[in-house]
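Shown here: data-v2.cif, mmCIF, C-alpha atoms.
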data_structure
#
loop_
_atom_site.label_atom_id
_atom_site.label_comp_id
_atom_site.auth_asym_id
_atom_site.auth_seq_id
_atom_site.Cartn_x
_atom_site.Cartn_y
_atom_site.Cartn_z
CA MET A 1 -25.70 20.61 38.46
CA MET A 2 -27.07 24.11 38.99
CA MET A 3 -24.25 24.90 41.43
CA GLN A 4 -21.64 23.76 38.91
CA LEU A 5 -23.24 25.89 36.18
CA TYR A 6 -23.31 28.89 38.54
CA SER A 7 -19.64 28.39 39.38
CA ILE A 8 -18.66 28.16 35.71
CA THR A 9 -20.68 31.29 34.91
CA LYS A 10 -18.92 33.23 37.69
CA LYS A 11 -15.52 32.21 36.32
CA VAL A 12 -16.46 33.30 32.79
CA VAL A 13 -17.75 36.67 33.98
CA LEU A 14 -14.63 37.18 36.10
CA TYR A 15 -12.39 36.26 33.16
CA LEU A 16 -14.18 38.72 30.85
CA PHE A 17 -13.99 41.46 33.49
CA LEU A 18 -10.26 40.96 34.01
CA SER A 19 -9.66 40.76 30.27
CA HIS A 20 -11.52 44.04 29.76
CA GLY A 21 -9.50 45.65 32.55
CA SER A 22 -6.28 44.48 30.92
CA MET A 23 -7.36 45.93 27.58
CA VAL A 24 -8.17 49.28 29.24
CA MET A 25 -4.77 49.34 30.93
CA ALA A 26 -3.09 48.45 27.64
CA GLN A 27 -4.82 51.41 25.97
CA GLN A 28 -3.46 53.84 28.57
CA ASP A 29 -0.31 55.71 27.67
CA SER A 30 2.51 55.45 30.17
CA LEU A 31 4.81 58.44 30.37
CA LYS A 32 8.06 58.41 32.31
CA ILE A 33 8.63 61.94 33.48
CA SER A 34 11.03 63.91 35.66
CA LEU A 35 10.18 66.91 37.79
CA GLY A 36 12.03 69.25 35.42
CA GLU A 37 10.03 67.95 32.44
CA LEU A 38 6.87 68.44 34.46
CA PHE A 39 7.78 72.11 34.96
CA LYS A 40 8.36 72.60 31.21
CA MET A 41 5.00 71.04 30.39
CA ALA A 42 3.30 73.32 32.93
CA ASP A 43 4.88 76.42 31.37
CA ALA A 44 3.55 75.33 27.98
CA GLY A 45 0.15 73.89 28.84
CA ASN A 46 -1.19 75.12 32.19
CA LYS A 47 -4.22 77.40 31.78
CA GLN A 48 -3.36 79.67 34.72
CA ILE A 49 0.07 80.35 33.23
CA LYS A 50 -1.52 81.00 29.82
CA LEU A 51 -3.84 83.53 31.46
CA SER A 52 -0.93 85.25 33.21
CA ASN A 53 0.97 85.39 29.90
CA ALA A 54 -2.06 86.97 28.22
CA LEU A 55 -2.30 89.62 30.97
CA LEU A 56 1.42 90.35 30.60
CA GLU A 57 1.08 90.80 26.85
CA ARG A 58 -1.89 93.12 27.40
CA SER A 59 0.11 95.26 29.81
CA GLN A 60 2.85 95.58 27.20
CA VAL A 61 0.28 96.83 24.67
CA VAL A 62 -0.98 99.37 27.25
CA VAL A 63 2.57 100.76 27.62
CA ARG A 64 2.83 101.26 23.86
CA ASP A 65 -0.61 102.86 23.83
CA LYS A 66 0.33 105.33 26.57
CA LYS A 67 3.50 106.27 24.67
CA ASN A 68 1.29 107.21 21.70
CA ASP A 69 -0.02 110.15 23.77
CA ARG A 70 3.29 111.89 22.99
CA LEU A 71 2.50 111.81 19.27
CA PRO A 72 0.53 114.60 17.55
CA THR A 73 -3.20 114.15 17.07
CA VAL A 74 -4.50 114.55 13.52
CA GLY A 75 -8.12 114.63 12.37
CA VAL A 76 -10.13 115.42 9.27
CA ASN A 77 -13.82 116.10 8.82
CA GLY A 78 -16.16 117.04 6.05
CA SER A 79 -19.78 118.09 5.84
CA VAL A 80 -22.44 118.59 3.18
CA GLY A 81 -25.70 120.39 3.88
CA TYR A 82 -28.57 122.63 2.78
CA LEU A 83 -28.69 126.33 3.69
CA THR A 84 -31.88 128.42 3.76
CA ASN A 85 -32.03 132.05 2.73
CA VAL A 86 -30.58 134.35 5.32
CA GLY A 87 -32.93 136.63 7.31
CA VAL A 88 -31.73 140.13 8.20
CA ILE A 89 -33.04 142.75 10.60
CA GLY A 90 -31.79 145.97 9.14
CA LEU A 91 -30.21 148.64 11.32
CA GLY A 92 -30.24 151.70 9.14
CA THR A 93 -28.02 150.86 6.21
CA MET A 94 -29.72 147.60 5.17
CA ASN A 95 -33.34 146.79 4.72
CA SER A 96 -34.86 144.03 6.80
CA GLY A 97 -35.95 140.90 4.98
CA PHE A 98 -34.67 137.65 3.47
CA TYR A 99 -31.79 137.55 1.05
CA ASP A 100 -31.01 134.79 -1.41
CA MET A 101 -27.92 132.70 -0.82
CA PRO A 102 -26.52 129.48 -2.29
CA HIS A 103 -28.40 126.58 -0.77
CA PHE A 104 -25.73 123.90 -1.19
CA SER A 105 -22.92 123.98 1.36
CA ASN A 106 -19.93 121.81 1.92
CA SER A 107 -16.80 122.13 4.03
CA TYR A 108 -13.62 120.23 4.71
CA ALA A 109 -11.18 120.67 7.58
CA LEU A 110 -7.87 119.31 8.79
CA GLN A 111 -6.90 119.69 12.45
CA ALA A 112 -3.62 118.73 14.10
CA GLY A 113 -2.45 119.18 17.68
CA LEU A 114 0.56 118.38 19.84
CA VAL A 115 0.78 118.50 23.62
CA LEU A 116 3.75 120.70 24.53
CA TYR A 117 3.24 120.75 28.28
CA SER A 118 0.85 118.94 30.60
CA GLY A 119 2.48 119.17 34.02
CA GLY A 120 4.01 115.69 33.59
CA LYS A 121 0.65 113.98 33.03
CA VAL A 122 1.72 112.06 29.90
CA THR A 123 5.08 110.96 31.30
CA THR A 124 3.52 109.87 34.60
CA ALA A 125 0.84 107.85 32.79
CA ILE A 126 3.57 106.06 30.81
CA ASP A 127 5.54 105.35 33.98
CA MET A 128 2.42 103.92 35.64
CA ALA A 129 1.80 101.65 32.66
CA LYS A 130 5.41 100.41 32.88
CA ILE A 131 4.99 99.62 36.56
CA GLU A 132 1.76 97.74 35.82
CA ASN A 133 3.69 95.82 33.17
CA ARG A 134 6.35 94.85 35.72
CA ILE A 135 3.62 93.80 38.16
CA ALA A 136 2.08 91.61 35.46
CA GLY A 137 5.49 90.03 34.92
CA LEU A 138 5.80 89.32 38.64
CA ASP A 139 2.28 87.85 38.63
CA LEU A 140 3.40 85.48 35.88
CA THR A 141 6.48 84.52 37.90
CA ARG A 142 4.38 84.03 41.05
CA ASP A 143 1.76 81.92 39.27
CA SER A 144 4.44 79.86 37.55
CA GLN A 145 6.19 79.15 40.84
CA SER A 146 2.90 78.40 42.60
CA ILE A 147 1.98 75.92 39.87
CA ARG A 148 5.45 74.41 40.10
CA LEU A 149 5.18 73.97 43.86
CA MET A 150 1.72 72.42 43.51
CA LEU A 151 3.03 70.05 40.83
CA THR A 152 6.01 69.28 43.06
CA GLY A 153 3.63 68.22 45.82
CA TYR A 154 1.65 66.02 43.45
CA PHE A 155 4.80 64.62 41.87
CA LEU A 156 6.29 63.74 45.26
CA ASP A 157 2.98 62.19 46.34
CA LEU A 158 3.09 60.09 43.18
CA TYR A 159 6.76 59.24 43.66
CA LYS A 160 6.16 58.40 47.33
CA GLY A 161 3.11 56.35 46.37
CA TYR A 162 5.08 54.20 43.94
CA ASN A 163 7.85 53.72 46.52
CA GLN A 164 5.29 52.77 49.16
CA LYS A 165 3.76 50.40 46.66
CA LYS A 166 7.13 48.65 46.34
CA VAL A 167 7.38 48.49 50.14
CA PHE A 168 3.93 46.91 50.46
CA GLU A 169 4.62 44.47 47.62
CA LYS A 170 7.90 43.50 49.27
CA ASN A 171 6.20 42.97 52.63
CA ILE A 172 3.37 41.02 51.02
CA THR A 173 5.91 38.75 49.35
CA LEU A 174 7.79 38.22 52.63
CA GLY A 175 4.50 37.71 54.44
CA ARG A 176 3.37 35.08 51.93
CA ASP A 177 6.70 33.29 52.20
CA LEU A 178 6.34 33.19 55.97
CA LEU A 179 2.70 32.14 55.64
CA LYS A 180 3.74 29.26 53.41
CA LYS A 181 6.24 28.09 56.02
CA ILE A 182 3.65 28.40 58.80
CA THR A 183 1.15 26.48 56.67
CA ASN A 184 3.66 23.66 56.25
CA ARG A 185 4.31 23.64 59.99
CA TYR A 186 0.58 23.67 60.72
CA GLN A 187 -0.02 20.74 58.38
CA SER A 188 2.73 18.84 60.14
CA GLY A 189 1.25 19.70 63.53
CA ALA A 190 4.11 22.02 64.60
CA ALA A 191 2.07 25.29 64.56
CA LEU A 192 -1.28 26.40 65.90
CA LYS A 193 -4.32 27.30 63.84
CA SER A 194 -4.25 30.76 65.46
CA ASP A 195 -0.72 31.35 64.08
CA LEU A 196 -1.95 30.54 60.60
CA ILE A 197 -4.99 32.81 60.89
CA ARG A 198 -2.98 35.68 62.35
CA ASN A 199 -0.52 35.67 59.44
CA GLU A 200 -3.31 35.32 56.89
CA LEU A 201 -4.90 38.45 58.41
CA LEU A 202 -1.55 40.26 58.28
CA VAL A 203 -1.08 39.52 54.58
CA SER A 204 -4.72 40.46 53.91
CA THR A 205 -4.21 43.78 55.73
CA TYR A 206 -1.17 44.53 53.59
CA GLU A 207 -3.11 43.71 50.42
CA LEU A 208 -5.99 46.01 51.42
CA ALA A 209 -3.55 48.83 52.19
CA LEU A 210 -1.93 48.28 48.79
CA SER A 211 -5.35 48.52 47.11
CA LYS A 212 -6.09 51.84 48.83
CA LEU A 213 -2.63 53.12 47.93
CA THR A 214 -3.25 52.25 44.28
CA ASP A 215 -6.43 54.34 44.34
CA ARG A 216 -4.56 57.31 45.85
CA ILE A 217 -1.93 57.02 43.11
CA ALA A 218 -4.70 57.13 40.49
CA ILE A 219 -6.20 60.28 42.05
CA THR A 220 -2.83 62.06 42.17
CA ASN A 221 -2.11 61.00 38.60
CA TYR A 222 -5.43 62.53 37.46
CA ASN A 223 -4.69 65.80 39.29
CA ILE A 224 -1.40 66.18 37.43
CA ILE A 225 -2.68 65.38 33.95
CA SER A 226 -5.63 67.75 34.42
CA MET A 227 -3.27 70.59 35.39
CA LEU A 228 -1.12 69.91 32.33
CA ALA A 229 -4.06 69.33 29.95
CA LEU A 230 -2.74 65.86 29.05
CA ALA A 231 -4.88 63.17 27.45
CA GLN A 232 -7.20 61.33 29.81
CA GLY A 233 -5.83 57.90 30.65
CA THR A 234 -2.20 59.00 30.61
CA VAL A 235 -0.31 57.15 33.34
CA LEU A 236 2.63 59.11 34.70
CA ILE A 237 5.62 57.17 35.98
CA PRO A 238 7.79 59.49 38.08
CA GLN A 239 11.51 59.10 37.58
CA ALA A 240 13.73 58.72 40.61
CA VAL A 241 14.25 61.93 42.55
CA GLU A 242 17.44 62.39 44.51
CA ILE A 243 17.79 64.85 47.35
CA PRO A 244 19.82 67.71 45.83
CA GLN A 245 23.19 68.44 47.37
CA ALA A 246 22.22 72.11 47.25
CA SER A 247 19.51 71.51 49.85
CA ALA A 248 22.04 70.35 52.43
CA GLU A 249 24.43 73.15 51.46
CA LEU A 250 21.66 75.73 51.88
CA ILE A 251 21.08 74.89 55.53
CA GLY A 252 24.72 74.12 56.18
CA ASN A 253 26.49 77.11 54.68
CA ASP A 254 23.97 79.98 54.79
CA SER A 255 22.69 81.79 57.83
CA ILE A 256 18.98 82.51 58.20
CA GLU A 257 19.67 86.25 57.84
CA LYS A 258 21.33 85.67 54.47
CA VAL A 259 18.48 83.46 53.28
CA ILE A 260 15.87 86.08 54.29
CA LYS A 261 17.84 88.77 52.46
CA THR A 262 17.88 86.58 49.34
CA ALA A 263 14.11 86.11 49.62
CA LEU A 264 13.45 89.85 49.89
CA ALA A 265 15.46 90.41 46.71
CA GLY A 266 13.89 87.60 44.69
CA ASN A 267 10.40 86.78 45.95
CA ALA A 268 7.85 87.83 43.31
CA ASP A 269 5.04 88.58 45.77
CA TYR A 270 7.20 90.86 47.91
CA GLN A 271 8.60 92.65 44.85
CA LYS A 272 5.04 93.29 43.71
CA TYR A 273 4.23 95.05 46.99
CA ALA A 274 7.28 97.28 46.47
CA LEU A 275 5.99 98.18 43.01
CA ARG A 276 2.56 98.94 44.50
CA VAL A 277 4.22 101.64 46.59
CA ALA A 278 5.87 103.11 43.48
CA LEU A 279 2.54 102.97 41.65
CA ALA A 280 0.79 104.85 44.46
CA GLN A 281 3.48 107.54 44.33
CA LYS A 282 2.96 107.90 40.58
CA ARG A 283 -0.78 108.28 41.12
CA LYS A 284 -0.08 111.17 43.46
CA GLN A 285 2.13 112.77 40.79
CA LEU A 286 -0.72 112.35 38.31
CA VAL A 287 -3.09 114.17 40.65
CA LYS A 288 -0.57 116.99 41.17
CA SER A 289 -0.18 117.42 37.39
CA SER A 290 -3.73 118.83 37.31
CA ASP A 291 -2.42 121.90 39.18
CA TYR A 292 -0.71 122.99 35.99
CA PRO A 293 -2.23 124.17 32.70
CA GLN A 294 -1.96 122.16 29.51
CA ILE A 295 -0.39 123.82 26.50
CA ASP A 296 -1.03 122.47 23.00
CA LEU A 297 0.25 123.45 19.59
CA PHE A 298 -2.60 123.43 17.05
CA VAL A 299 -2.87 123.70 13.28
CA ASN A 300 -6.21 124.07 11.45
CA SER A 301 -6.90 124.15 7.75
CA THR A 302 -10.43 124.66 6.34
CA PHE A 303 -11.93 124.67 2.83
CA ALA A 304 -15.63 125.63 2.62
CA ARG A 305 -18.40 127.09 0.46
CA PRO A 306 -20.36 129.31 0.29
CA TYR A 307 -18.67 132.36 1.79
CA THR A 308 -21.26 133.52 4.33
CA PHE A 309 -19.40 136.40 5.93
CA ASP A 310 -20.91 138.85 3.44
CA ILE A 311 -24.47 139.62 2.35
CA PRO A 312 -25.41 138.50 -0.10
CA ALA A 313 -23.32 135.35 0.40
CA LYS A 314 -20.90 134.45 -2.36
CA ASP A 315 -20.97 131.01 -3.95
CA ILE A 316 -17.22 130.52 -3.74
CA TYR A 317 -14.80 128.29 -1.82
CA ALA A 318 -12.96 129.99 1.03
CA TYR A 319 -9.69 128.50 2.22
CA ASN A 320 -7.76 129.51 5.34
CA ASN A 321 -5.15 128.20 7.76
CA ALA A 322 -4.48 128.81 11.43
CA ILE A 323 -1.61 127.92 13.72
CA GLY A 324 -1.13 128.79 17.36
CA LEU A 325 -0.94 127.75 21.01
CA ARG A 326 -3.90 126.67 23.09
CA VAL A 327 -3.79 126.94 26.88
CA SER A 328 -6.39 125.09 28.95
CA TYR A 329 -6.93 124.86 32.67
CA SER A 330 -9.80 123.48 34.70
CA LEU A 331 -10.73 125.95 37.43
CA SER A 332 -12.52 123.18 39.36
CA ASN A 333 -9.07 121.78 40.22
CA LEU A 334 -8.67 124.71 42.62
CA TYR A 335 -11.19 123.15 45.00
CA GLN A 336 -11.16 119.48 43.95
CA SER A 337 -7.49 118.49 43.76
CA GLY A 338 -6.90 118.87 47.51
CA ARG A 339 -9.08 115.91 48.41
CA LYS A 340 -7.63 113.87 45.56
CA LYS A 341 -4.12 114.52 46.88
CA ASP A 342 -5.17 113.41 50.36
CA ILE A 343 -6.55 110.17 48.92
CA ALA A 344 -3.36 109.62 46.91
CA GLN A 345 -1.23 110.16 50.03
CA SER A 346 -3.39 107.69 51.95
CA ASP A 347 -2.85 105.14 49.15
CA ILE A 348 0.92 105.60 49.53
CA SER A 349 0.73 105.06 53.29
CA ILE A 350 -1.44 101.96 52.88
CA ALA A 351 0.84 100.50 50.18
CA THR A 352 3.91 101.14 52.35
CA LEU A 353 2.33 99.49 55.39
CA THR A 354 1.23 96.54 53.25
CA GLN A 355 4.81 96.16 52.03
CA GLU A 356 6.12 96.12 55.59
CA LEU A 357 3.57 93.47 56.57
CA ALA A 358 4.56 91.42 53.52
CA LYS A 359 8.21 91.68 54.57
CA GLU A 360 7.39 90.37 58.05
CA SER A 361 5.26 87.55 56.60
CA LEU A 362 7.96 86.53 54.13
CA SER A 363 10.61 86.57 56.85
CA ARG A 364 8.49 84.26 59.01
CA GLU A 365 7.81 81.99 56.03
CA VAL A 366 11.51 81.72 55.14
CA ASN A 367 12.51 81.16 58.76
CA SER A 368 9.96 78.34 59.12
CA GLY A 369 11.01 76.80 55.82
CA PHE A 370 14.69 76.96 56.77
CA ILE A 371 14.09 75.28 60.15
CA ASN A 372 11.71 72.67 58.67
CA LEU A 373 14.28 71.70 56.04
CA LYS A 374 16.99 71.33 58.67
CA GLN A 375 14.66 69.31 60.88
CA SER A 376 13.63 67.00 58.04
CA PHE A 377 17.30 66.12 57.42
CA ASN A 378 17.77 65.26 61.10
CA GLN A 379 14.59 63.20 61.02
CA LEU A 380 15.74 61.21 57.98
CA ASN A 381 19.05 60.29 59.61
CA THR A 382 17.18 58.98 62.64
CA LEU A 383 14.70 57.04 60.50
CA TYR A 384 17.51 55.39 58.52
CA LYS A 385 18.81 53.97 61.80
CA GLN A 386 15.32 52.84 62.83
CA GLN A 387 14.81 51.18 59.45
CA GLU A 388 18.04 49.26 59.81
CA LEU A 389 17.12 48.12 63.31
CA ALA A 390 13.57 47.13 62.26
CA GLN A 391 14.86 45.00 59.38
CA GLU A 392 17.44 43.33 61.61
CA ASN A 393 14.82 42.73 64.31
CA TYR A 394 12.34 41.17 61.86
CA LYS A 395 14.96 38.80 60.46
CA ARG A 396 16.04 37.72 63.93
CA ILE A 397 12.48 37.13 65.21
CA ALA A 398 11.33 35.37 62.01
CA ASP A 399 14.29 32.99 62.21
CA SER A 400 13.65 32.41 65.92
CA TYR A 401 9.97 31.62 65.23
CA LEU A 402 10.88 29.01 62.65
CA GLU A 403 13.13 27.49 65.28
CA GLN A 404 10.19 27.62 67.73
CA LEU A 405 11.96 30.11 69.98
CA THR A 406 9.44 32.98 69.75
CA LEU A 407 5.69 33.43 69.45
CA ASN A 408 3.90 34.23 66.21
CA THR A 409 2.61 37.50 67.70
CA GLU A 410 6.19 38.69 67.95
CA VAL A 411 6.66 37.99 64.24
CA THR A 412 3.55 40.01 63.45
CA ASP A 413 4.75 42.93 65.56
CA ALA A 414 8.20 42.84 63.98
CA SER A 415 6.69 42.76 60.50
CA ASN A 416 4.52 45.78 61.26
CA GLN A 417 7.50 47.63 62.71
CA ARG A 418 9.56 46.92 59.61
CA LEU A 419 6.76 48.10 57.33
CA GLU A 420 6.26 51.30 59.33
CA ALA A 421 10.01 51.99 59.33
CA ASP A 422 10.20 51.58 55.55
CA LEU A 423 7.20 53.85 55.01
CA ARG A 424 8.53 56.51 57.39
CA VAL A 425 11.81 56.65 55.47
CA THR A 426 9.92 57.11 52.20
CA ASP A 427 7.79 59.86 53.74
CA ALA A 428 10.84 61.61 55.19
CA GLN A 429 12.67 61.62 51.84
CA ALA A 430 9.66 63.19 50.14
CA GLU A 431 9.30 65.68 52.99
CA ILE A 432 12.88 66.89 52.52
CA LEU A 433 12.29 67.44 48.82
CA PHE A 434 9.02 69.30 49.35
CA ASN A 435 10.48 71.49 52.12
CA TYR A 436 13.42 72.32 49.88
CA PHE A 437 11.24 73.27 46.91
CA GLN A 438 8.90 75.23 49.17
CA LEU A 439 11.88 77.22 50.47
CA LEU A 440 13.06 77.78 46.88
CA LYS A 441 9.64 79.26 46.07
CA SER A 442 9.96 81.64 49.02
CA LEU A 443 13.37 82.67 47.69
CA GLY A 444 11.95 83.18 44.19
CA GLN A 445 14.22 80.49 42.76
CA LEU A 446 11.86 77.60 42.04
#

Encoded form (structure tokens):
Amino acid sequence: MMMQLYSITKKVVLYLFLSHGSMVMAQQDSLKISLGELFKMADAGNKQIKLSNALLERSQVVVRDKKNDRLPTVGVNGSVGYLTNVGVIGLGTMNSGFYDMPHFSNSYALQAGLVLYSGGKVTTAIDMAKIENRIAGLDLTRDSQSIRLMLTGYFLDLYKGYNQKKVFEKNITLGRDLLKKITNRYQSGAALKSDLIRNELLVSTYELALSKLTDRIAITNYNIISMLALAQGTVLIPQAVEIPQASAELIGNDSIEKVIKTALAGNADYQKYALRVALAQKRKQLVKSSDYPQIDLFVNSTFARPYTFDIPAKDIYAYNNAIGLRVSYSLSNLYQSGRKKDIAQSDISIATLTQELAKESLSREVNSGFINLKQSFNQLNTLYKQQELAQENYKRIADSYLEQLTLNTEVTDASNQRLEADLRVTDAQAEILFNYFQLLKSLGQL
């Protein structure tokens, strides 16, 4: 009685658990999505891309701010204060002592200035800000393409996972069908117990592999939705991805030299190194501008009381204007600018060498990507043939076993070979796509 009650309780608990799981799955939102749609969502919702956009907008504001240095500067000031009596030490014509003067003072002034010449300092600073703006734009492009490549990897893992899931489910179904036939033969005395056990283990192995694959799909799904800031529980269903015709044309029509040339013209990282050289050259120009004086046009206008340039002071407002040129030069530049120029020249040399290293690295990257893409196509053609042979071999051996012409171990081996052939084809298709997109990133075209 207790055993029956325990068995019933287990069934109730299991039913409630499965029902709860079904409700959770029903609450999850399924979203069919293509790779192109994934890219659009990343551009709109990925935090790294948002950060890069913010830095680009800031650099644009800096350019506008630097351009403001060409505008005149204007300032006003006013003051109110208390003046004491003025003390005088007489020198013959005036007695020493203190003289009364108005104690309340106030003054107002307007100053305006305009840089007429600065040795190119203002223009160079604007040019540097523009280069920094272009670098920020390239950083945005680089980050966007890096995110796209990462999402491509996840998407293909997800796509491959669902395809592998179909392969396992197909093999489990075929395995169960064969197991049913073996069970019937065993019950009729035409098969051994070991044959039955061996096929039960085979189906169980497939089911365990399918369970692990389902967990990997869930992990990949979470990685994608976290990158895109999607709602937790969203289940992404990748749409079918076909191998683009352009991928075969790329390795079939273009030489590696042409592809490398395209990469040097379009790769965001390499273009950034080229701009770093230009930025270092502008910094040297900025240092050299200190060798020249700065000439400013100035205008001053003052309005003040009392008038203190006479004794006794007069309690009146005095108003005057001044206009002229102001020349300024820092004498310390005569002995300081030399070292600064040396540093600036070193920065140019370092930036140039870094650009050359980046060129070599990009050339190697493109060459490897080009060869890997070509190799992955050759591999897929071979695996298609192996898949066809494995399927034909399994069918032949399974039919022979049912006719008692082969051993059950041969059926197991043939089933494993067919499964591995199917999985290798799925992997190879995904590998072609990833190699192609990785090469597009190197070319700056992803």

Would you tabulate, counting only C-alpha atoms, all residues of range 278-374 of chain A that have an atom at most 10 Å from an atom of range 104-115 of chain A, showing the closest pair of atoms and their distance in Å to one decimal, sorted by chain then ascending number, as a tab-separated table?
residue	atom	partner	partner_atom	distance
A:Gln294	CA	A:Val115	CA	7.5
A:Ile295	CA	A:Val115	CA	6.2
A:Asp296	CA	A:Val115	CA	4.4
A:Leu297	CA	A:Leu114	CA	5.1
A:Phe298	CA	A:Gly113	CA	4.3
A:Val299	CA	A:Ala112	CA	5.1
A:Asn300	CA	A:Gln111	CA	4.5
A:Ser301	CA	A:Leu110	CA	5.0
A:Thr302	CA	A:Ala109	CA	4.2
A:Phe303	CA	A:Tyr108	CA	5.1
A:Ala304	CA	A:Ser107	CA	4.0
A:Arg305	CA	A:Ser105	CA	5.6
A:Pro306	CA	A:Ser105	CA	6.0
A:Tyr307	CA	A:Ser105	CA	9.4
A:Asp315	CA	A:Phe104	CA	9.0
A:Tyr317	CA	A:Ser107	CA	8.7
A:Ala318	CA	A:Ser107	CA	9.2
A:Tyr319	CA	A:Tyr108	CA	9.5
A:Asn320	CA	A:Ala109	CA	9.7
A:Asn321	CA	A:Leu110	CA	9.4
A:Ala322	CA	A:Gln111	CA	9.5
A:Ile323	CA	A:Ala112	CA	9.4
A:Gly324	CA	A:Gly113	CA	9.7
A:Leu325	CA	A:Gly113	CA	9.3
A:Arg326	CA	A:Gly113	CA	9.4

Using all atoms listed in the file for the distances, tell me which of A:Leu286, A:Lys374, A:Asp100, A:Ala191 is nearest to Gly87 in chain A. A:Asp100

Quick one: apply the PyMOL selection byres ((chain A and resi 213-219) around 12) to the file and drop the selected residues here as a ChimeraX atom specification. /A:154-169,206-212,220-226,232-238

When the PyMOL selection byres ((chain A and resi 423-439) around 8) is applied to the file above, which residues end up in the set, as a ChimeraX atom specification? /A:149,152-153,156-157,160,163-164,167,243,247,366,369-370,372-373,376-377,379-380,383-384,387,419-422,440-443,446

Convert the current residue selection to file output with C-alpha atoms, as a tab-separated table (two decimals), keeping the file's coordinate frame.
chain	number	residue	atom	x	y	z
A	149	LEU	CA	5.18	73.97	43.86
A	152	THR	CA	6.01	69.28	43.06
A	153	GLY	CA	3.63	68.22	45.82
A	156	LEU	CA	6.29	63.74	45.26
A	157	ASP	CA	2.98	62.19	46.34
A	160	LYS	CA	6.16	58.40	47.33
A	163	ASN	CA	7.85	53.72	46.52
A	164	GLN	CA	5.29	52.77	49.16
A	167	VAL	CA	7.38	48.49	50.14
A	243	ILE	CA	17.79	64.85	47.35
A	247	SER	CA	19.51	71.51	49.85
A	366	VAL	CA	11.51	81.72	55.14
A	369	GLY	CA	11.01	76.80	55.82
A	370	PHE	CA	14.69	76.96	56.77
A	372	ASN	CA	11.71	72.67	58.67
A	373	LEU	CA	14.28	71.70	56.04
A	376	SER	CA	13.63	67.00	58.04
A	377	PHE	CA	17.30	66.12	57.42
A	379	GLN	CA	14.59	63.20	61.02
A	380	LEU	CA	15.74	61.21	57.98
A	383	LEU	CA	14.70	57.04	60.50
A	384	TYR	CA	17.51	55.39	58.52
A	387	GLN	CA	14.81	51.18	59.45
A	419	LEU	CA	6.76	48.10	57.33
A	420	GLU	CA	6.26	51.30	59.33
A	421	ALA	CA	10.01	51.99	59.33
A	422	ASP	CA	10.20	51.58	55.55
A	440	LEU	CA	13.06	77.78	46.88
A	441	LYS	CA	9.64	79.26	46.07
A	442	SER	CA	9.96	81.64	49.02
A	443	LEU	CA	13.37	82.67	47.69
A	446	LEU	CA	11.86	77.60	42.04

One-decimal distance in Å that lies between CA of Gln386 in chain A and CA of Gln417 in chain A: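 Computing the Euclidean distance for CA of Gln417 in chain A and CA of Gln386 in chain A yields 9.4 Å.
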
Within 7 Å of range 40-50 of chain A using only C-alpha atoms, minus same-chain residues under 3 positions, as a list in words: Gly36, Glu37, Asn53, Ala54, Leu140, Asp143, Ser144, Met227, Leu228 and Ala229 of chain A

On this structure, the PyMOL selection byres ((chain A and resi 68) around 12) would catch which residues? List them as JSON, numbers by chain, sorted by chain and number. {"A": [61, 62, 63, 64, 65, 66, 67, 69, 70, 71, 72, 73, 114, 115, 122, 123, 125, 126]}
